[in-house]
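Okay, protein_19.cif is below, mmCIF, C-alpha atoms:
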```
data_upload
loop_
_atom_site.label_atom_id
_atom_site.label_comp_id
_atom_site.auth_asym_id
_atom_site.auth_seq_id
_atom_site.Cartn_x
_atom_site.Cartn_y
_atom_site.Cartn_z
CA MET A 1 -54.65 9.07 14.00
CA ASP A 2 -55.71 8.57 17.60
CA PHE A 3 -55.58 4.83 17.01
CA PHE A 4 -51.93 5.00 15.98
CA LYS A 5 -51.11 7.21 18.95
CA HIS A 6 -52.73 4.77 21.35
CA PHE A 7 -51.10 1.83 19.60
CA SER A 8 -47.67 3.48 19.84
CA LEU A 9 -48.27 4.21 23.51
CA LEU A 10 -49.20 0.58 24.09
CA LEU A 11 -46.01 -0.59 22.38
CA PHE A 12 -44.00 1.83 24.51
CA ILE A 13 -45.57 0.52 27.72
CA LEU A 14 -44.95 -3.06 26.68
CA SER A 15 -41.33 -2.25 25.89
CA ILE A 16 -40.94 -0.90 29.42
CA LEU A 17 -42.61 -3.93 30.96
CA PHE A 18 -40.31 -6.30 29.13
CA ASP A 19 -37.18 -4.17 29.23
CA SER A 20 -34.18 -5.75 30.97
CA THR A 21 -33.96 -2.92 33.49
CA THR A 22 -37.18 -4.14 35.10
CA GLY A 23 -35.72 -7.58 35.71
CA SER A 24 -37.85 -9.13 32.97
CA SER A 25 -37.70 -12.67 31.62
CA VAL A 26 -35.01 -11.44 29.21
CA LEU A 27 -32.63 -12.02 32.13
CA LEU A 28 -33.81 -15.61 32.55
CA ASP A 29 -33.58 -16.23 28.81
CA ARG A 30 -29.98 -15.03 28.91
CA ALA A 31 -29.14 -17.26 31.88
CA LYS A 32 -30.69 -20.26 30.10
CA GLU A 33 -28.66 -19.85 26.92
CA PRO A 34 -26.64 -23.08 26.43
CA GLU A 35 -23.24 -21.39 26.52
CA PHE A 36 -24.17 -19.34 29.59
CA MET A 37 -25.65 -22.38 31.33
CA ASP A 38 -22.61 -24.54 30.56
CA TRP A 39 -20.36 -21.85 32.00
CA MET A 40 -22.27 -21.75 35.31
CA VAL A 41 -22.46 -25.53 35.53
CA GLY A 42 -18.71 -25.76 34.87
CA ILE A 43 -17.97 -23.33 37.72
CA ARG A 44 -20.25 -25.21 40.08
CA ARG A 45 -18.67 -28.56 39.26
CA ARG A 46 -15.10 -27.29 39.61
CA LEU A 47 -15.97 -25.94 43.04
CA HIS A 48 -17.73 -29.17 43.97
CA GLU A 49 -14.67 -31.23 43.11
CA ASN A 50 -12.44 -29.01 45.27
CA PRO A 51 -14.36 -28.11 48.45
CA GLU A 52 -12.72 -25.90 51.06
CA LEU A 53 -13.78 -25.36 54.67
CA ALA A 54 -14.38 -22.08 56.48
CA TYR A 55 -11.60 -19.52 56.02
CA GLU A 56 -9.70 -22.00 53.83
CA GLU A 57 -11.45 -21.07 50.55
CA PHE A 58 -8.24 -19.89 48.86
CA GLU A 59 -8.65 -21.77 45.58
CA THR A 60 -12.36 -20.95 45.53
CA SER A 61 -11.49 -17.28 45.97
CA LYS A 62 -8.90 -17.48 43.21
CA LEU A 63 -11.44 -19.01 40.81
CA ILE A 64 -13.97 -16.27 41.57
CA ARG A 65 -11.42 -13.50 41.08
CA LYS A 66 -10.34 -15.01 37.78
CA GLU A 67 -13.94 -14.97 36.55
CA LEU A 68 -14.46 -11.39 37.73
CA ASP A 69 -11.26 -10.36 35.95
CA SER A 70 -12.45 -11.98 32.74
CA MET A 71 -15.70 -10.00 32.98
CA GLY A 72 -13.91 -6.73 33.69
CA ILE A 73 -15.52 -6.36 37.11
CA GLU A 74 -13.61 -4.41 39.75
CA TYR A 75 -13.30 -5.93 43.21
CA LYS A 76 -11.55 -5.70 46.55
CA HIS A 77 -9.82 -8.65 48.23
CA PRO A 78 -9.37 -10.04 50.81
CA PHE A 79 -12.15 -9.61 53.32
CA ALA A 80 -12.37 -12.12 56.18
CA VAL A 81 -9.31 -13.99 54.86
CA THR A 82 -10.76 -15.21 51.54
CA GLY A 83 -13.81 -13.03 50.88
CA ILE A 84 -14.28 -10.85 47.81
CA VAL A 85 -16.38 -7.74 47.21
CA GLY A 86 -17.03 -6.74 43.59
CA PHE A 87 -18.63 -3.60 42.16
CA ILE A 88 -20.74 -2.98 39.07
CA GLY A 89 -22.22 0.40 38.19
CA THR A 90 -21.56 4.06 38.84
CA GLY A 91 -19.72 3.75 42.13
CA LYS A 92 -22.36 6.00 43.66
CA ALA A 93 -25.52 5.45 45.70
CA PRO A 94 -27.81 3.68 45.92
CA PHE A 95 -25.82 0.56 46.78
CA VAL A 96 -27.48 -2.85 46.65
CA GLY A 97 -25.70 -6.01 47.81
CA LEU A 98 -25.95 -9.54 46.43
CA ARG A 99 -24.40 -12.24 48.61
CA ALA A 100 -23.27 -15.83 48.10
CA ASP A 101 -21.51 -18.05 50.63
CA MET A 102 -18.66 -20.26 49.43
CA ASP A 103 -17.47 -22.68 52.15
CA ALA A 104 -17.91 -26.46 52.26
CA LEU A 105 -18.56 -28.89 55.12
CA PRO A 106 -16.40 -31.55 56.84
CA ILE A 107 -18.45 -34.40 55.35
CA GLN A 108 -17.31 -37.37 53.27
CA GLU A 109 -19.32 -37.38 50.04
CA SER A 110 -21.28 -40.59 49.40
CA VAL A 111 -22.62 -39.65 45.96
CA GLU A 112 -20.83 -41.51 43.20
CA TRP A 113 -20.64 -39.28 40.13
CA GLU A 114 -18.14 -37.83 37.71
CA HIS A 115 -17.56 -34.66 39.73
CA LYS A 116 -17.44 -36.13 43.23
CA SER A 117 -15.33 -34.28 45.80
CA LYS A 118 -11.63 -34.99 45.34
CA VAL A 119 -10.84 -33.99 48.92
CA PRO A 120 -11.37 -36.72 51.53
CA GLY A 121 -13.67 -35.67 54.35
CA LYS A 122 -14.82 -32.45 52.68
CA MET A 123 -17.92 -31.82 50.60
CA HIS A 124 -20.18 -29.08 49.29
CA ALA A 125 -23.14 -30.59 51.12
CA CYS A 126 -25.13 -27.36 51.45
CA GLY A 127 -25.11 -26.01 47.91
CA HIS A 128 -22.63 -23.19 48.37
CA ASP A 129 -20.92 -24.22 45.14
CA SER A 130 -24.18 -23.51 43.32
CA HIS A 131 -24.59 -20.20 45.18
CA VAL A 132 -21.22 -18.99 43.90
CA ALA A 133 -22.07 -20.08 40.37
CA MET A 134 -25.41 -18.26 40.50
CA LEU A 135 -23.90 -15.03 41.84
CA LEU A 136 -21.24 -15.12 39.14
CA GLY A 137 -24.07 -15.67 36.66
CA ALA A 138 -25.87 -12.61 38.05
CA ALA A 139 -22.62 -10.66 37.83
CA LYS A 140 -22.24 -11.51 34.14
CA ILE A 141 -25.82 -10.41 33.41
CA LEU A 142 -25.39 -7.19 35.36
CA GLN A 143 -22.08 -6.39 33.71
CA GLU A 144 -23.80 -6.75 30.34
CA HIS A 145 -26.33 -4.13 31.51
CA LYS A 146 -23.77 -1.94 33.25
CA SER A 147 -24.75 1.18 31.31
CA GLU A 148 -28.33 0.89 32.60
CA ILE A 149 -27.39 0.67 36.29
CA GLN A 150 -28.17 3.93 38.10
CA GLY A 151 -26.27 3.06 41.25
CA THR A 152 -23.86 0.34 42.37
CA VAL A 153 -24.30 -3.40 42.69
CA VAL A 154 -22.04 -4.88 45.38
CA LEU A 155 -21.15 -8.55 44.85
CA ILE A 156 -20.34 -10.25 48.17
CA PHE A 157 -18.59 -13.61 48.05
CA GLN A 158 -18.48 -14.61 51.70
CA PRO A 159 -16.47 -17.32 53.46
CA ALA A 160 -17.32 -19.33 56.55
CA GLU A 161 -21.11 -19.37 56.64
CA GLU A 162 -21.14 -22.82 58.22
CA GLY A 163 -20.72 -21.78 61.84
CA GLY A 164 -17.66 -19.59 61.35
CA GLY A 165 -19.49 -16.28 61.38
CA GLY A 166 -18.03 -15.19 58.04
CA ALA A 167 -20.75 -12.58 57.57
CA LYS A 168 -19.81 -10.88 60.83
CA ARG A 169 -16.15 -10.69 59.84
CA MET A 170 -17.08 -9.32 56.42
CA ILE A 171 -19.12 -6.61 58.16
CA ASP A 172 -16.38 -5.83 60.69
CA GLU A 173 -13.91 -5.35 57.83
CA GLY A 174 -16.15 -2.92 55.99
CA ALA A 175 -17.52 -5.14 53.22
CA VAL A 176 -21.07 -3.75 53.43
CA GLN A 177 -20.27 -0.10 54.03
CA ASN A 178 -22.80 2.20 52.31
CA ILE A 179 -25.08 -0.69 51.24
CA ASP A 180 -28.77 0.21 51.44
CA ALA A 181 -30.24 -3.27 50.85
CA ILE A 182 -28.81 -6.74 50.54
CA PHE A 183 -30.25 -9.98 49.17
CA GLY A 184 -29.19 -13.56 49.87
CA PHE A 185 -30.40 -16.93 48.61
CA HIS A 186 -30.20 -20.68 49.14
CA ILE A 187 -30.92 -23.65 46.92
CA ALA A 188 -33.91 -25.64 48.22
CA ALA A 189 -34.97 -29.24 47.61
CA GLU A 190 -38.51 -28.79 48.95
CA PHE A 191 -39.63 -26.47 46.13
CA PRO A 192 -39.89 -27.27 42.41
CA VAL A 193 -37.36 -25.93 39.94
CA GLY A 194 -38.70 -22.71 38.47
CA THR A 195 -40.16 -21.55 41.78
CA VAL A 196 -38.79 -19.33 44.54
CA ALA A 197 -39.91 -19.04 48.15
CA SER A 198 -39.65 -16.51 50.93
CA ARG A 199 -41.67 -14.56 53.47
CA PRO A 200 -41.44 -11.18 55.24
CA GLY A 201 -40.35 -11.10 58.87
CA PRO A 202 -38.62 -14.01 60.65
CA ILE A 203 -37.67 -16.77 58.24
CA MET A 204 -34.83 -18.57 60.08
CA ALA A 205 -34.03 -18.78 63.78
CA GLY A 206 -31.21 -17.39 65.83
CA SER A 207 -28.75 -20.09 66.86
CA GLY A 208 -26.20 -20.75 69.57
CA PHE A 209 -24.22 -23.66 70.95
CA PHE A 210 -23.28 -24.63 74.47
CA GLU A 211 -21.00 -27.13 76.15
CA ALA A 212 -20.98 -27.94 79.87
CA VAL A 213 -18.62 -29.94 82.02
CA ILE A 214 -20.29 -31.44 85.08
CA THR A 215 -17.79 -32.59 87.67
CA GLY A 216 -18.38 -34.94 90.59
CA LYS A 217 -16.23 -37.67 92.19
CA GLY A 218 -15.51 -40.91 90.39
CA GLY A 219 -15.23 -44.35 91.84
CA HIS A 220 -16.28 -47.98 91.59
CA ALA A 221 -19.82 -48.52 90.33
CA ALA A 222 -20.42 -51.16 93.01
CA ILE A 223 -19.99 -48.61 95.82
CA PRO A 224 -21.79 -45.48 94.55
CA GLN A 225 -22.10 -44.09 98.09
CA HIS A 226 -18.41 -43.22 97.93
CA THR A 227 -18.86 -41.22 94.72
CA ILE A 228 -20.62 -38.12 93.50
CA ASP A 229 -22.13 -39.34 90.25
CA PRO A 230 -21.91 -36.77 87.42
CA ILE A 231 -23.91 -39.00 85.08
CA ILE A 232 -26.97 -38.76 87.31
CA ALA A 233 -26.43 -35.01 87.57
CA ALA A 234 -26.10 -34.64 83.80
CA SER A 235 -29.23 -36.71 83.26
CA ASN A 236 -31.23 -34.42 85.55
CA VAL A 237 -29.78 -31.38 83.81
CA ILE A 238 -30.93 -32.65 80.41
CA VAL A 239 -34.46 -33.30 81.62
CA SER A 240 -34.62 -29.87 83.25
CA LEU A 241 -33.40 -28.16 80.08
CA GLN A 242 -36.41 -29.51 78.20
CA HIS A 243 -38.70 -27.62 80.57
CA LEU A 244 -37.31 -24.31 79.33
CA VAL A 245 -39.37 -24.67 76.17
CA SER A 246 -42.32 -26.71 77.43
CA ARG A 247 -42.95 -24.69 80.59
CA GLU A 248 -41.20 -21.31 80.34
CA ALA A 249 -41.58 -20.30 76.68
CA ASP A 250 -44.73 -18.84 75.14
CA PRO A 251 -46.22 -21.68 73.04
CA LEU A 252 -46.66 -19.17 70.18
CA ASP A 253 -42.97 -18.20 70.34
CA SER A 254 -41.12 -21.11 68.75
CA GLN A 255 -37.95 -22.14 70.56
CA VAL A 256 -35.69 -25.20 70.65
CA VAL A 257 -33.19 -26.55 73.18
CA THR A 258 -31.48 -29.77 72.12
CA VAL A 259 -28.75 -31.69 73.92
CA ALA A 260 -26.96 -33.65 71.22
CA LYS A 261 -23.69 -34.48 72.98
CA PHE A 262 -23.20 -36.66 76.06
CA GLN A 263 -19.72 -37.92 76.88
CA GLY A 264 -18.77 -39.58 80.16
CA GLY A 265 -17.10 -42.72 81.33
CA GLY A 266 -15.41 -45.51 79.44
CA ALA A 267 -16.06 -48.61 81.51
CA PHE A 268 -19.13 -50.50 82.67
CA ASN A 269 -18.11 -50.55 86.32
CA VAL A 270 -16.50 -47.15 86.85
CA ILE A 271 -18.34 -43.92 87.66
CA PRO A 272 -16.39 -41.12 85.95
CA ASP A 273 -15.15 -37.93 87.57
CA SER A 274 -16.90 -35.75 85.01
CA VAL A 275 -19.38 -35.69 82.15
CA THR A 276 -19.50 -33.34 79.16
CA ILE A 277 -22.78 -32.43 77.52
CA GLY A 278 -23.44 -30.05 74.67
CA GLY A 279 -26.12 -28.87 72.32
CA THR A 280 -27.83 -26.02 70.54
CA PHE A 281 -30.62 -23.54 71.23
CA ARG A 282 -32.78 -21.63 68.75
CA ALA A 283 -35.34 -18.80 68.84
CA PHE A 284 -36.97 -16.34 66.44
CA SER A 285 -36.42 -13.20 68.49
CA LYS A 286 -33.32 -11.76 70.10
CA GLU A 287 -35.15 -11.38 73.41
CA SER A 288 -36.19 -15.05 73.51
CA PHE A 289 -32.75 -16.12 72.39
CA MET A 290 -30.92 -14.24 75.16
CA GLN A 291 -33.46 -15.46 77.72
CA LEU A 292 -32.74 -19.04 76.68
CA ARG A 293 -29.01 -18.43 76.95
CA GLN A 294 -29.36 -17.13 80.50
CA ARG A 295 -31.65 -19.92 81.62
CA ILE A 296 -29.53 -22.68 80.07
CA GLU A 297 -26.56 -21.59 82.18
CA GLU A 298 -28.66 -21.22 85.33
CA VAL A 299 -30.31 -24.63 84.94
CA ILE A 300 -27.05 -26.46 84.28
CA VAL A 301 -25.16 -24.91 87.19
CA ARG A 302 -27.98 -25.08 89.72
CA GLN A 303 -29.31 -28.51 88.78
CA ALA A 304 -25.77 -29.92 88.96
CA SER A 305 -25.37 -28.44 92.44
CA VAL A 306 -28.53 -30.23 93.60
CA GLN A 307 -26.67 -33.46 92.84
CA ARG A 308 -23.55 -32.18 94.71
CA CYS A 309 -21.67 -31.56 91.44
CA ASN A 310 -20.00 -28.50 89.99
CA ALA A 311 -20.68 -27.30 86.46
CA THR A 312 -19.09 -24.87 84.04
CA VAL A 313 -20.82 -23.69 80.86
CA ASP A 314 -19.13 -22.49 77.68
CA PHE A 315 -21.17 -20.98 74.84
CA LEU A 316 -18.26 -21.42 72.43
CA THR A 317 -18.65 -17.98 70.91
CA ASP A 318 -14.97 -17.79 69.95
CA VAL A 319 -15.50 -20.69 67.54
CA HIS A 320 -19.25 -20.55 66.89
CA PRO A 321 -20.56 -17.01 67.33
CA PHE A 322 -24.24 -16.61 68.09
CA PHE A 323 -26.30 -16.25 64.91
CA PRO A 324 -29.16 -13.75 65.27
CA PRO A 325 -32.55 -14.58 63.71
CA THR A 326 -32.81 -14.05 59.96
CA ILE A 327 -35.56 -11.47 59.55
CA ASN A 328 -36.66 -10.23 56.13
CA THR A 329 -37.40 -6.52 56.04
CA PRO A 330 -41.18 -6.28 55.44
CA SER A 331 -40.81 -3.23 53.19
CA LEU A 332 -38.83 -5.34 50.69
CA ARG A 333 -41.59 -7.89 50.24
CA ALA A 334 -43.30 -6.08 47.36
CA HIS A 335 -39.93 -5.48 45.70
CA PHE A 336 -39.01 -9.17 45.95
CA GLU A 337 -42.38 -10.30 44.61
CA LYS A 338 -42.18 -7.84 41.71
CA ALA A 339 -38.69 -8.99 40.70
CA ALA A 340 -39.58 -12.66 41.20
CA SER A 341 -42.79 -12.31 39.18
CA ASP A 342 -40.76 -10.96 36.28
CA ILE A 343 -38.50 -14.03 36.39
CA VAL A 344 -40.70 -17.00 37.37
CA GLY A 345 -44.23 -15.59 37.20
CA PRO A 346 -46.48 -14.73 40.16
CA THR A 347 -47.88 -18.26 40.48
CA ASN A 348 -44.39 -19.64 41.07
CA ILE A 349 -43.70 -17.55 44.16
CA ARG A 350 -44.21 -19.70 47.26
CA GLU A 351 -44.60 -18.84 50.93
CA LYS A 352 -41.67 -20.22 52.93
CA PRO A 353 -42.66 -21.31 56.45
CA PRO A 354 -40.18 -20.23 59.16
CA VAL A 355 -37.63 -22.90 60.05
CA MET A 356 -35.45 -23.39 63.12
CA GLY A 357 -32.32 -23.68 61.02
CA ALA A 358 -29.93 -20.73 61.20
CA GLU A 359 -28.13 -18.66 58.57
CA ASP A 360 -25.36 -16.15 59.15
CA PHE A 361 -26.92 -13.87 56.55
CA ALA A 362 -28.76 -12.66 59.66
CA PHE A 363 -25.70 -10.64 60.69
CA TYR A 364 -26.25 -8.26 57.78
CA SER A 365 -29.52 -7.07 59.28
CA ASP A 366 -27.57 -5.24 62.01
CA ALA A 367 -25.36 -3.48 59.46
CA VAL A 368 -27.61 -2.89 56.43
CA PRO A 369 -30.92 -0.96 56.53
CA ALA A 370 -32.85 -3.62 54.57
CA THR A 371 -32.24 -7.35 54.09
CA TYR A 372 -34.10 -10.11 52.27
CA TYR A 373 -33.38 -13.85 52.02
CA TYR A 374 -35.09 -16.31 49.70
CA PHE A 375 -34.95 -19.89 48.43
CA VAL A 376 -34.49 -21.16 44.87
CA GLY A 377 -36.39 -24.38 44.14
CA MET A 378 -34.65 -27.32 42.50
CA ALA A 379 -37.06 -30.29 42.82
CA THR A 380 -38.39 -32.00 39.68
CA ASP A 381 -41.72 -33.60 38.83
CA SER A 382 -40.09 -37.01 38.83
CA ASP A 383 -40.00 -39.36 41.79
CA LYS A 384 -36.40 -38.36 42.54
CA LEU A 385 -35.99 -37.07 46.07
CA TYR A 386 -33.15 -34.67 46.77
CA PRO A 387 -31.60 -35.27 50.20
CA ARG A 388 -31.64 -32.27 52.50
CA ALA A 389 -28.55 -30.15 53.10
CA HIS A 390 -25.72 -31.46 55.29
CA SER A 391 -26.27 -35.00 54.05
CA PRO A 392 -23.40 -36.97 52.46
CA PHE A 393 -25.90 -37.77 49.69
CA PHE A 394 -26.76 -34.12 49.00
CA THR A 395 -27.02 -33.30 45.29
CA ILE A 396 -27.94 -30.26 43.20
CA ASN A 397 -30.35 -30.00 40.30
CA GLU A 398 -28.29 -27.73 38.08
CA ALA A 399 -31.41 -26.70 36.14
CA ALA A 400 -32.06 -24.30 39.04
CA LEU A 401 -28.93 -22.24 38.38
CA PRO A 402 -30.43 -19.85 35.77
CA TYR A 403 -33.31 -18.95 38.08
CA GLY A 404 -31.04 -17.89 40.94
CA ALA A 405 -28.73 -15.96 38.62
CA ALA A 406 -31.58 -14.16 36.85
CA LEU A 407 -33.50 -13.32 40.03
CA HIS A 408 -30.43 -11.99 41.84
CA ALA A 409 -29.76 -9.75 38.83
CA SER A 410 -33.42 -8.72 38.64
CA LEU A 411 -33.52 -7.79 42.33
CA ALA A 412 -30.58 -5.43 41.81
CA LEU A 413 -31.81 -3.87 38.58
CA ASN A 414 -35.32 -3.30 39.92
CA TYR A 415 -34.00 -1.83 43.14
CA PHE A 416 -32.50 1.26 41.55
CA SER A 417 -35.70 2.36 39.86
CA GLU A 418 -38.06 1.43 42.70
CA PHE A 419 -36.15 2.77 45.67
CA ARG A 420 -34.17 5.72 44.36
CA ASN A 421 -36.83 8.22 45.47
CA ASN A 422 -36.80 6.83 49.01
CA LEU A 423 -33.03 6.98 49.15
CA SER A 424 -32.97 10.59 47.96
CA ASN A 425 -34.71 11.57 51.21
CA ARG A 426 -31.52 10.61 53.02
CA GLY A 427 -29.49 13.22 51.15
CA ASN A 428 -28.12 14.02 47.73
CA VAL A 429 -27.32 10.57 46.34
CA ASP A 430 -25.08 12.07 43.66
CA GLU A 431 -22.71 13.29 46.36
CA ALA A 432 -22.38 9.86 47.96
CA HIS A 433 -19.08 8.13 48.53
CA ASP A 434 -17.56 6.62 45.40
CA GLU A 435 -17.02 2.97 46.27
CA LEU A 436 -14.98 2.36 43.11
#
```
Could you render the structure from this file as structure tokens?
Amino acid sequence: MDFFKHFSLLLFILSILFDSTTGSSVLLDRAKEPEFMDWMVGIRRRLHENPELAYEEFETSKLIRKELDSMGIEYKHPFAVTGIVGFIGTGKAPFVGLRADMDALPIQESVEWEHKSKVPGKMHACGHDSHVAMLLGAAKILQEHKSEIQGTVVLIFQPAEEGGGGAKRMIDEGAVQNIDAIFGFHIAAEFPVGTVASRPGPIMAGSGFFEAVITGKGGHAAIPQHTIDPIIAASNVIVSLQHLVSREADPLDSQVVTVAKFQGGGAFNVIPDSVTIGGTFRAFSKESFMQLRQRIEEVIVRQASVQRCNATVDFLTDVHPFFPPTINTPSLRAHFEKAASDIVGPTNIREKPPVMGAEDFAFYSDAVPATYYYFVGMATDSDKLYPRAHSPFFTINEAALPYGAALHASLALNYFSEFRNNLSNRGNVDEAHDEL
């Protein structure tokens, strides 16, 4: 009799371990079903053929809303011009957000294939088409398990990640109100398909841009004594800017200052009146980032004055707002690894080294108590190399789509059971605002 009791208990425990509410491989099996997979691939390819730039994602938004309607998922629209926020669950706390970006880049696609971009000069060269497809896949899975959700999943389809600060506008317009934790992802060519990668703490750098106009006095190149040469001044400025990292920054605190734009003059024998330079700066902490910003302006203005020139500096925040560092909340690490283990297995979770690239998902960390960003691998065992993002040859391995969809769904489903007790300390969760 005891044997049967123990055996029944074992079966019960196994049923819990493999139940869909724990984010088990059942979710991945669902996402890999041929019909489900074809549906995600079809969405991704339609978006790829019709890329739209920041705040112009009107057809993309329409496609997403049509899919949400077909699934019976409620949503609010618009946020930040084209953004969408959908809701699955009780309408009550806890609230967990899942985010996908949806804008393309001003790049002419060089990949010749059946679903090449139909819009000249525009391309999904960063995988945002796949991100939308994966979040819609997660939404379908979650809607199928709606009765099991003890809280609310918030689906965030965000415009203008590529420098437009779409996340900040979504926040300013109330898209993440009441959200307790939010997860974001990105397709990644450096990791094999079937793996995911992340790390707690800083994972991507804060980013800013600058442009400076250095003004002197133009004239004939043969009589430079009658001029004030802004090219010489700009050259000294650029060299001095490199010292900000090599001589002022802590070697253990990674920072970057790069001048990537230099425009001045149009003739071989004429010294111009002015020169324009521009570039980017990156850091992993807000303190280091703001210190760089201050010193960049000081160096440009003062070094130009040494050469008898005037200089003005514009940080272009109206067009390219500063991106803060992307920092994963350490307390979410165990949650991420648990959900990822259920989907890909513990041996397929990789450590992602910090990179100096920036991601506007970072804005959510100022508005949401807990944030976590991860990467979905798409490389194969073959010799095929996938070009990095922002390349005109960028391609997606669509076999990665089920993994992103299943893990996003698993992160949400696991969250409610794992974190509900912590959230209850903040008040009676049953009396929380009804988002629906």
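Distance annotation: of A:Leu252, A:Leu68, A:Ala80, A:Ile107, the residue with the minimal separation from A:Pro51 is A:Ile107; atom set is all atoms listed in the file.
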Seminar exercise, completed: Using all atoms listed in the file, the shortest atom-to-atom distance to A:Ala339 among A:Pro106, A:Gly174, A:Gly404, A:Pro94 belongs to A:Gly404
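Atom CA of A:Pro392 lies 9.8 Å from atom CA of A:Leu105.
The nearest approach to A:Ala340 among the residues A:Gly151, A:Pro200, A:Pro224, A:Gly194, with all atoms listed in the file taken into account, belongs to A:Gly194.
Residue nearest A:Phe281 within the list A:Asp103, A:Asp229, A:Glu297, A:Glu57: A:Glu297 [criterion: smallest interatomic distance, all atoms listed in the file].
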For this session: Using the chain letters and residue numbers of this document, give as a PyMOL selection string the residues selected by the PyMOL selection byres ((chain A and resi 255) around 6).
Result: chain A and resi 254+256+282-283
